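Pasting target29.pdb here (PDB, C-alpha atoms and all ligand atoms):
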```
ATOM      1  CA  MET D 162     -17.530  -3.678  -6.712  1.00  0.00           C
ATOM      2  CA  HIS D 163     -18.717  -1.381  -4.002  1.00  0.00           C
ATOM      3  CA  CYS D 164     -15.712  -2.290  -1.907  1.00  0.00           C
ATOM      4  CA  ARG D 165     -13.346  -0.685  -4.384  1.00  0.00           C
ATOM      5  CA  ALA D 166     -15.355   2.462  -4.274  1.00  0.00           C
ATOM      6  CA  ALA D 167     -14.824   2.760  -0.552  1.00  0.00           C
ATOM      7  CA  TYR D 168     -11.136   3.171  -1.173  1.00  0.00           C
ATOM      8  CA  GLY D 169     -11.256   6.752  -2.355  1.00  0.00           C
ATOM      9  CA  LYS D 170      -8.280   8.843  -3.219  1.00  0.00           C
ATOM     10  CA  GLN D 171      -9.513  11.957  -1.517  1.00  0.00           C
ATOM     11  CA  ARG D 172      -7.611  12.476   1.661  1.00  0.00           C
ATOM     12  CA  GLY D 173     -10.356  14.467   3.310  1.00  0.00           C
ATOM     13  CA  ARG D 174     -12.724  11.525   3.323  1.00  0.00           C
ATOM     14  CA  ARG D 175     -10.704   9.236   5.499  1.00  0.00           C
ATOM     15  CA  MET D 176     -12.997   9.219   8.494  1.00  0.00           C
ATOM     16  CA  GLU D 177     -16.056   8.734   6.370  1.00  0.00           C
ATOM     17  CA  GLN D 178     -14.529   5.754   4.627  1.00  0.00           C
ATOM     18  CA  GLN D 179     -13.779   4.060   7.879  1.00  0.00           C
ATOM     19  CA  GLU D 180     -17.341   4.474   8.998  1.00  0.00           C
ATOM     20  CA  GLU D 181     -18.706   3.038   5.817  1.00  0.00           C
ATOM     21  CA  ARG D 182     -16.416   0.125   6.135  1.00  0.00           C
ATOM     22  CA  SER D 183     -17.327  -0.781   9.684  1.00  0.00           C
ATOM     23  CA  ASP D 184     -21.002  -0.519   8.837  1.00  0.00           C
ATOM     24  CA  ARG D 185     -20.609  -3.114   6.155  1.00  0.00           C
ATOM     25  CA  THR D 186     -18.614  -5.310   8.464  1.00  0.00           C
ATOM     26  CA  SER D 187     -21.285  -5.405  11.088  1.00  0.00           C
ATOM     27  CA  GLU D 188     -23.926  -6.156   8.502  1.00  0.00           C
ATOM     28  CA  ARG D 189     -21.962  -9.110   7.252  1.00  0.00           C
ATOM     29  CA  ARG D 190     -21.577 -10.629  10.665  1.00  0.00           C
ATOM     30  CA  GLY D 191     -24.957  -9.688  11.965  1.00  0.00           C
ATOM     31  CA  GLN D 192     -25.562 -13.120  13.421  1.00  0.00           C
ATOM     32  CA  THR D 193     -22.245 -13.584  15.203  1.00  0.00           C
ATOM     33  CA  GLY D 194     -21.835 -10.126  16.651  1.00  0.00           C
ATOM     34  CA  ARG D 195     -18.471 -10.495  18.299  1.00  0.00           C
ATOM     35  CA  ALA D 196     -16.362 -12.241  15.686  1.00  0.00           C
ATOM     36  CA  SER D 197     -12.798 -11.111  15.377  1.00  0.00           C
ATOM     37  CA  GLU D 198     -12.655  -9.181  12.164  1.00  0.00           C
ATOM     38  CA  SER D 199      -9.178  -9.495  10.762  1.00  0.00           C
ATOM     39  CA  GLU D 200      -8.560 -13.118  11.626  1.00  0.00           C
ATOM     40  CA  SER D 201     -11.673 -14.455  10.042  1.00  0.00           C
ATOM     41  CA  SER D 202     -11.464 -12.402   6.881  1.00  0.00           C
ATOM     42  CA  TRP D 203      -7.764 -12.862   6.258  1.00  0.00           C
ATOM     43  CA  GLY D 204      -6.983 -14.720   3.077  1.00  0.00           C
ATOM     44  CA  MET D 205     -10.553 -15.714   2.349  1.00  0.00           C
ATOM     45  CA  GLY D 206     -10.907 -13.587  -0.721  1.00  0.00           C
ATOM     46  CA  GLU D 207     -13.261 -11.077   0.801  1.00  0.00           C
ATOM     47  CA  CYS D 208     -13.106  -7.794  -0.974  1.00  0.00           C
ATOM     48  CA  GLY D 209     -13.152  -5.364   1.921  1.00  0.00           C
ATOM     49  CA  PRO D 210     -10.306  -2.942   1.341  1.00  0.00           C
ATOM     50  CA  ARG D 211      -7.273  -3.663   3.496  1.00  0.00           C
ATOM     51  CA  ILE D 212      -5.365  -0.439   3.578  1.00  0.00           C
ATOM     52  CA  TYR D 213      -1.752   0.392   4.273  1.00  0.00           C
ATOM     53  CA  SER D 214      -1.120   3.812   5.763  1.00  0.00           C
ATOM     54  CA  CYS D 215       1.902   5.993   6.293  1.00  0.00           C
ATOM     55  CA  SER D 216       3.237   4.937   9.690  1.00  0.00           C
ATOM     56  CA  ASN D 217       4.064   8.546  10.442  1.00  0.00           C
ATOM     57  CA  CYS D 218       0.758  10.316   9.760  1.00  0.00           C
ATOM     58  CA  ARG D 219      -1.634   7.455   8.853  1.00  0.00           C
ATOM     59  CA  CYS D 220      -2.427   8.858   5.451  1.00  0.00           C
ATOM     60  CA  HIS D 221      -3.634   6.013   3.207  1.00  0.00           C
ATOM     61  CA  VAL D 222      -0.962   5.025   0.734  1.00  0.00           C
ATOM     62  CA  ALA D 223      -1.830   1.598  -0.693  1.00  0.00           C
ATOM     63  CA  GLN D 224      -4.146  -1.338  -0.486  1.00  0.00           C
ATOM     64  CA  HIS D 225      -3.284  -4.928   0.175  1.00  0.00           C
ATOM     65  CA  ASP D 226      -4.829  -6.115  -3.086  1.00  0.00           C
ATOM     66  CA  ASP D 227      -2.182  -4.186  -4.997  1.00  0.00           C
ATOM     67  CA  ILE D 228       0.754  -6.070  -3.503  1.00  0.00           C
ATOM     68  CA  ILE D 229       2.735  -7.891  -6.148  1.00  0.00           C
ATOM     69  CA  SER D 230       5.451  -9.251  -3.888  1.00  0.00           C
ATOM     70  CA  LYS D 231       6.381  -9.144  -0.231  1.00  0.00           C
ATOM     71  CA  SER D 232       9.893 -10.411  -0.689  1.00  0.00           C
ATOM     72  CA  PHE D 233      11.704  -7.206  -1.496  1.00  0.00           C
ATOM     73  CA  THR D 234      14.386  -5.505   0.523  1.00  0.00           C
ATOM     74  CA  GLY D 235      14.367  -1.792   1.217  1.00  0.00           C
ATOM     75  CA  ARG D 236      16.825   0.464   2.940  1.00  0.00           C
ATOM     76  CA  ASN D 237      15.556  -0.584   6.334  1.00  0.00           C
ATOM     77  CA  GLY D 238      14.745  -4.221   5.821  1.00  0.00           C
ATOM     78  CA  ARG D 239      11.686  -5.840   4.351  1.00  0.00           C
ATOM     79  CA  ALA D 240       9.763  -4.008   1.650  1.00  0.00           C
ATOM     80  CA  TYR D 241       6.708  -4.688  -0.511  1.00  0.00           C
ATOM     81  CA  LEU D 242       6.273  -4.239  -4.237  1.00  0.00           C
ATOM     82  CA  PHE D 243       2.949  -2.590  -5.112  1.00  0.00           C
ATOM     83  CA  GLN D 244       1.091  -2.267  -8.378  1.00  0.00           C
ATOM     84  CA  ASN D 245      -0.286   1.072  -7.328  1.00  0.00           C
ATOM     85  CA  VAL D 246      -0.022   3.568  -4.499  1.00  0.00           C
ATOM     86  CA  VAL D 247      -1.907   6.743  -3.636  1.00  0.00           C
ATOM     87  CA  ASN D 248      -1.165   9.984  -1.829  1.00  0.00           C
ATOM     88  CA  VAL D 249       2.517   9.964  -2.646  1.00  0.00           C
ATOM     89  CA  LEU D 250       4.811  12.429  -4.367  1.00  0.00           C
ATOM     90  CA  VAL D 251       7.254  10.972  -6.854  1.00  0.00           C
ATOM     91  CA  GLY D 252      10.661  12.623  -6.599  1.00  0.00           C
ATOM     92  CA  PRO D 253      13.356  13.171  -9.232  1.00  0.00           C
ATOM     93  CA  LYS D 254      14.588  10.133 -11.135  1.00  0.00           C
ATOM     94  CA  GLU D 255      18.034   8.815 -10.459  1.00  0.00           C
ATOM     95  CA  ASP D 256      20.052   5.773 -11.413  1.00  0.00           C
ATOM     96  CA  ARG D 257      20.657   3.446  -8.522  1.00  0.00           C
ATOM     97  CA  GLN D 258      22.582   0.232  -8.290  1.00  0.00           C
ATOM     98  CA  LEU D 259      20.352  -2.230  -6.446  1.00  0.00           C
ATOM     99  CA  ILE D 260      20.854  -5.846  -5.479  1.00  0.00           C
ATOM    100  CA  THR D 261      19.170  -6.870  -8.718  1.00  0.00           C
ATOM    101  CA  GLY D 262      21.144  -4.494 -10.921  1.00  0.00           C
ATOM    102  CA  LEU D 263      21.005  -0.969 -12.228  1.00  0.00           C
ATOM    103  CA  HIS D 264      17.619   0.757 -12.136  1.00  0.00           C
ATOM    104  CA  THR D 265      16.264   4.234 -12.633  1.00  0.00           C
ATOM    105  CA  VAL D 266      14.208   4.940  -9.539  1.00  0.00           C
ATOM    106  CA  ALA D 267      12.479   7.868  -7.888  1.00  0.00           C
ATOM    107  CA  ASP D 268      11.846   8.188  -4.183  1.00  0.00           C
ATOM    108  CA  ILE D 269       8.216   8.407  -3.156  1.00  0.00           C
ATOM    109  CA  GLN D 270       7.087  10.590  -0.289  1.00  0.00           C
ATOM    110  CA  CYS D 271       3.880  10.774   1.676  1.00  0.00           C
ATOM    111  CA  THR D 272       1.989  13.852   0.467  1.00  0.00           C
ATOM    112  CA  GLU D 273       0.838  14.535   3.983  1.00  0.00           C
ATOM    113  CA  CYS D 274       4.063  14.464   6.012  1.00  0.00           C
ATOM    114  CA  GLN D 275       6.765  14.218   3.309  1.00  0.00           C
ATOM    115  CA  GLU D 276       8.211  11.067   4.836  1.00  0.00           C
ATOM    116  CA  VAL D 277      10.068   8.979   2.240  1.00  0.00           C
ATOM    117  CA  LEU D 278       8.187   5.677   2.139  1.00  0.00           C
ATOM    118  CA  GLY D 279      10.018   3.869  -0.612  1.00  0.00           C
ATOM    119  CA  TRP D 280      10.620   4.363  -4.301  1.00  0.00           C
ATOM    120  CA  LYS D 281       9.168   3.902  -7.745  1.00  0.00           C
ATOM    121  CA  TYR D 282      10.873   1.840 -10.411  1.00  0.00           C
ATOM    122  CA  GLU D 283      10.985   4.024 -13.487  1.00  0.00           C
ATOM    123  CA  ARG D 284      13.243   1.820 -15.520  1.00  0.00           C
ATOM    124  CA  ALA D 285      15.053  -1.480 -15.188  1.00  0.00           C
ATOM    125  CA  TYR D 286      18.068  -2.097 -17.371  1.00  0.00           C
ATOM    126  CA  ASP D 287      18.047  -5.852 -16.962  1.00  0.00           C
ATOM    127  CA  GLU D 288      15.393  -7.671 -19.028  1.00  0.00           C
ATOM    128  CA  ALA D 289      14.555  -9.948 -16.127  1.00  0.00           C
ATOM    129  CA  GLN D 290      13.714  -6.956 -13.955  1.00  0.00           C
ATOM    130  CA  LYS D 291      11.469  -5.171 -16.457  1.00  0.00           C
ATOM    131  CA  TYR D 292       8.296  -6.278 -14.715  1.00  0.00           C
ATOM    132  CA  LYS D 293       9.097  -3.802 -11.948  1.00  0.00           C
ATOM    133  CA  GLU D 294       8.876  -0.763 -14.187  1.00  0.00           C
ATOM    134  CA  GLY D 295       6.124   1.589 -13.094  1.00  0.00           C
ATOM    135  CA  LYS D 296       5.704  -0.309  -9.814  1.00  0.00           C
ATOM    136  CA  TYR D 297       6.311   0.952  -6.312  1.00  0.00           C
ATOM    137  CA  ILE D 298       8.280  -0.176  -3.305  1.00  0.00           C
ATOM    138  CA  LEU D 299       6.965   0.633   0.135  1.00  0.00           C
ATOM    139  CA  GLU D 300       9.207  -0.149   3.059  1.00  0.00           C
ATOM    140  CA  LYS D 301       7.462  -2.272   5.623  1.00  0.00           C
ATOM    141  CA  ALA D 302       8.916  -0.130   8.398  1.00  0.00           C
ATOM    142  CA  LYS D 303       7.313   2.979   6.887  1.00  0.00           C
ATOM    143  CA  VAL D 304       3.769   1.741   6.485  1.00  0.00           C
ATOM    144  CA  MET D 305       1.234   0.209   8.800  1.00  0.00           C
ATOM    145  CA  LYS D 306      -1.887  -1.841   8.375  1.00  0.00           C
ATOM    146  CA  GLU D 307      -4.927   0.329   8.797  1.00  0.00           C
ATOM    147  CA  ASP D 308      -7.317  -1.392  11.156  1.00  0.00           C
ATOM    148  CA  TRP D 309      -7.024  -5.010   9.979  1.00  0.00           C
TER     149      TRP D 309
HETATM  150 ZN    ZN H 401       2.674  10.503   6.107  1.00  0.00          ZN
END
```
What would the structure in this file look like if it were written as structure tokens?
Ligand SMILES: [Zn+2]
Amino acid sequence: MHCRAAYGKQRGRRMEQQEERSDRTSERRGQTGRASESESSWGMGECGPRIYSCSNCRCHVAQHDDIISKSFTGRNGRAYLFQNVVNVLVGPKEDRQLITGLHTVADIQCTECQEVLGWKYERAYDEAQKYKEGKYILEKAKVMKEDW
């Protein structure tokens, strides 16, 4: 529970969040001291927030737990489908013909640096693609893992 809370939406609290997080980490591994953090916690269901940031300005934009699929393709290669993102501006809607058919999408931009990071699926015309409505694509090339 408390781990969710550490992932705030307020941009100004970034530094503070990181401190809180590393405090908890060192508590957890009090006895080992020098364990490698990301390797040992990867995929083990720990709830520490694994954050994706804008690769341009490092503003937090999403968390790993919200990934629905990693097998999407963006403009510049691999892209991830997210349930939820933060700190983005959703642009005007437009119809776009994608590999999987016609969709209404809106570009999403980092609020901090205005970099276009991906897009939001507003509407899918094909029944089989409906699950993407309201979800977000972040291009892998535009985001980075924050400290994990
Ligand atoms: Zn940015």
How would you report the residues lying within 8 Å of ligand ZN 401 (chain H), as a PyMOL selection string, if you count all atoms listed in the file? chain D and resi 214-220+270-276
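The space between CA of Leu263 (chain D) and CA of Lys291 (chain D) spans 11.2 Å.
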Residue members of the PyMOL selection byres (((chain D and resi 267) around 7) and not hetatm) in the file shown, as a PyMOL selection string: chain D and resi 251-255+266+268-269+280-283
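Proximity to Ile212 (chain D) at 8 Å, evaluated using all atoms listed in the file and with sequence-adjacent residues fewer than 3 positions away removed, yields His221, Val222, Ala223, Gln224, His225, Lys306, Glu307 and Asp308 of chain D.
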Once the PyMOL selection byres (((chain D and resi 230-241) around 6) and not hetatm) has been applied to the shown file, what residues remain in the selection, as a CSV table (one decimal) with C-alpha atoms, keeping the file's coordinate frame?
```
chain,number,residue,atom,x,y,z
D,228,ILE,CA,0.8,-6.1,-3.5
D,229,ILE,CA,2.7,-7.9,-6.1
D,242,LEU,CA,6.3,-4.2,-4.2
D,298,ILE,CA,8.3,-0.2,-3.3
D,299,LEU,CA,7.0,0.6,0.1
D,300,GLU,CA,9.2,-0.1,3.1
D,301,LYS,CA,7.5,-2.3,5.6
```
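Taking CA of Arg284 (chain D) and CA of Asp226 (chain D) as the two end points, the separation is 23.3 Å.
Using all atoms listed in the file, the nearest neighbour of Met305 (chain D) within the list D:Pro210, D:Gln244, D:Thr261, D:Leu278 is D:Leu278.
The spacing separating CA of Asp256 (chain D) from CA of Ala285 (chain D) amounts to 9.6 Å.
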Given 4 Å of margin on each side, can you work out the centre and size in Å (one decimal) of an axis-aligned box holding every listed atom of region 268-280 of chain D, as JSON?
```
{"center_x": 6.3, "center_y": 9.2, "center_z": 0.9, "size_x": 19.0, "size_y": 18.7, "size_z": 18.3}
```
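Proximity to Gln290 (chain D) was assessed for D:Ala302, D:Val277, D:Leu259, D:Leu250 counting all atoms listed in the file; the smallest distance is recorded for D:Leu259.
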